[in-house]
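Presented below is the structure to which this report refers.
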Amino acid sequence: MTTRLVRSIDVPPQRWRNGGGTTRELLAWPDALAWQVRVSVADIEADGPFSSYPGVQRWFTVLQGAGVELTIGDALHRLARGDAPLCFAGELPTACRLLDGPTRCLNLMLRRASGGIVAATDGQDWSPRSAQCGLFSAVSGRCETPVDGRMPAIELPPYTLLWFDPAPPALRFVAGQRPAALIGWWLSASPDGTAS
């Protein structure tokens, strides 16, 4: 099993083409050009459109800030920190309006792959049922494999991606601070042609 740990702060931000924000790409599998799985953190600084990604399933959740209002096709979605992640088709016209100032968000993009994002619960086991998986931390803590203890606990600072390829049978995240209503998110991905 290969693990990859990427702190958001260590990844240089890339300016959006429309100038409305920046993106830090934490993972692009199998590579940056022909990715099937992409994980990024975006800082949205101004109202405006999202880039189009035909054939891509997008997952979006708010990390910091007051949140956003997304108009996706004809549907309006209001998202704030703590809300369930939103899934939508990347080819749909998407306009973003900030609710009250800059907002930071977590994105999972899947091309020729299936998967998703769910909120992590402190100390509760999670079984990914996917070929690959990851944890994005909102707080500091440690990630453990509760099933057979093959992997020693891995310490994570806040806003860090820990990625597993292949996914272990189960994982657990224990927050290093309490109370923490929102400690992080589990991410799962099964690219076409990989076993889940």
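For the structure tokens, the naming scheme is as follows: chains receive sequential letters (A, B, ...) according to their order of presentation, residues are indexed from 1 within each chain, and ligands are indexed from 1 in presentation order.
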message: Could you list, as JSON, numbers by chain, every residue within 10 Å of stretch 34-37 of chain A, counting only C-alpha atoms and ignoring same-chain residues fewer than 3 positions away?
response: {"A": [27, 28, 29, 30, 31, 56, 57, 108, 109, 110, 111, 112, 113, 114, 115, 132, 188, 189, 190, 191, 192]}
message: Can you pull out the residues contacting A:Glu91? Cut-off 12 Å, using only C-alpha atoms, and skip same-chain residues under 2 positions away; I want them as a VMD selection string.
response: chain A and resid 50 to 58 72 to 73 88 to 89 93 to 94 109 111
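Proximity of A:Ala84, A:Leu162, A:Ala131, A:Ala153 to A:Val62, computed with only C-alpha atoms, is greatest for A:Ala84.
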task: Determine, counting only C-alpha atoms, which protein, DNA and RNA residues have an atom within 6 Å of an atom of A:Leu63; residues of the same chain fewer than 6 positions away are not included. Present the result as a ChimeraX atom specification.
output: /A:81,104-105
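The list of residues with at least one atom within 8 Å of A:Trp186, based on only C-alpha atoms and without residues fewer than 6 positions apart in the same chain, reads Ile117, Val118, Ala119, Ala120, Cys133, Gly134, Leu135 and Phe136 of chain A.
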Would you mind exporting N, CA and C atoms of the selected residues as an mmCIF file, in the first residue's frame?
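What landed in selection04.cif:
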```cif
data_model
loop_
_atom_site.group_PDB
_atom_site.id
_atom_site.type_symbol
_atom_site.label_atom_id
_atom_site.label_comp_id
_atom_site.auth_asym_id
_atom_site.auth_seq_id
_atom_site.Cartn_x
_atom_site.Cartn_y
_atom_site.Cartn_z
ATOM 1 N N ILE A 117 -17.379 12.010 -1.568
ATOM 2 C CA ILE A 117 -16.878 12.615 -0.330
ATOM 3 C C ILE A 117 -17.943 12.460 0.751
ATOM 4 N N VAL A 118 -17.520 12.062 1.945
ATOM 5 C CA VAL A 118 -18.415 12.044 3.111
ATOM 6 C C VAL A 118 -17.667 12.629 4.305
ATOM 7 N N ALA A 119 -18.401 13.248 5.208
ATOM 8 C CA ALA A 119 -17.789 13.816 6.404
ATOM 9 C C ALA A 119 -17.290 12.707 7.324
ATOM 10 N N ALA A 120 -16.120 12.923 7.918
ATOM 11 C CA ALA A 120 -15.557 11.972 8.878
ATOM 12 C C ALA A 120 -16.152 12.224 10.258
ATOM 13 N N CYS A 133 -8.481 5.711 -1.771
ATOM 14 C CA CYS A 133 -9.236 6.560 -0.851
ATOM 15 C C CYS A 133 -8.303 7.568 -0.193
ATOM 16 N N GLY A 134 -8.907 8.515 0.480
ATOM 17 C CA GLY A 134 -8.115 9.522 1.157
ATOM 18 C C GLY A 134 -8.860 10.141 2.317
ATOM 19 N N LEU A 135 -8.115 10.908 3.086
ATOM 20 C CA LEU A 135 -8.663 11.687 4.187
ATOM 21 C C LEU A 135 -8.163 13.114 4.030
ATOM 22 N N PHE A 136 -9.081 14.080 4.075
ATOM 23 C CA PHE A 136 -8.684 15.483 4.127
ATOM 24 C C PHE A 136 -9.069 16.001 5.502
#
```
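Going from atom CA of A:Ile154 over to atom CA of A:Leu171, you cover 11.1 Å.
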- request: Find the residues near A:Gln124: any atom within 10 Å, counting only C-alpha atoms, skip ones fewer than 5 places away on the same chain, and give them as a list in words.
  value: Pro146, Leu171, Arg172, Phe173 and Val174 of chain A
Take the residues that were just selected and, keeping N, CA and C atoms, output them as a compact mmCIF listing (two decimals), in the first residue's frame.
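What follows is the written file part_5.txt:
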```
# COMPACT_ATOMS: atom_id res chain seq x y z
N PRO A 146 -7.92 0.33 11.80
CA PRO A 146 -8.42 -0.42 12.94
C PRO A 146 -8.55 -1.92 12.70
N LEU A 171 -10.52 2.52 7.92
CA LEU A 171 -9.70 3.60 8.48
C LEU A 171 -10.47 4.27 9.61
N ARG A 172 -9.72 4.97 10.43
CA ARG A 172 -10.33 5.73 11.54
C ARG A 172 -9.53 7.02 11.71
N PHE A 173 -10.23 8.15 11.90
CA PHE A 173 -9.56 9.42 12.17
C PHE A 173 -9.94 9.88 13.57
N VAL A 174 -8.93 10.14 14.39
CA VAL A 174 -9.14 10.59 15.76
C VAL A 174 -8.64 12.02 15.85
```
message: Can you tell me which residues surround A:Leu5 at a distance of at most 9 Å, considering only C-alpha atoms, apart from same-chain residues fewer than 3 positions away, and format the answer as an MDAnalysis selection string?
response: chainID A and resid 156 160:163
message: Using only C-alpha atoms for the distances, tell me which of A:Asp122, A:Ala175, A:Leu182, A:Pro168 is nearest to A:Met1.
response: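 Using only C-alpha atoms, the shortest distance to A:Met1 belongs to A:Pro168.
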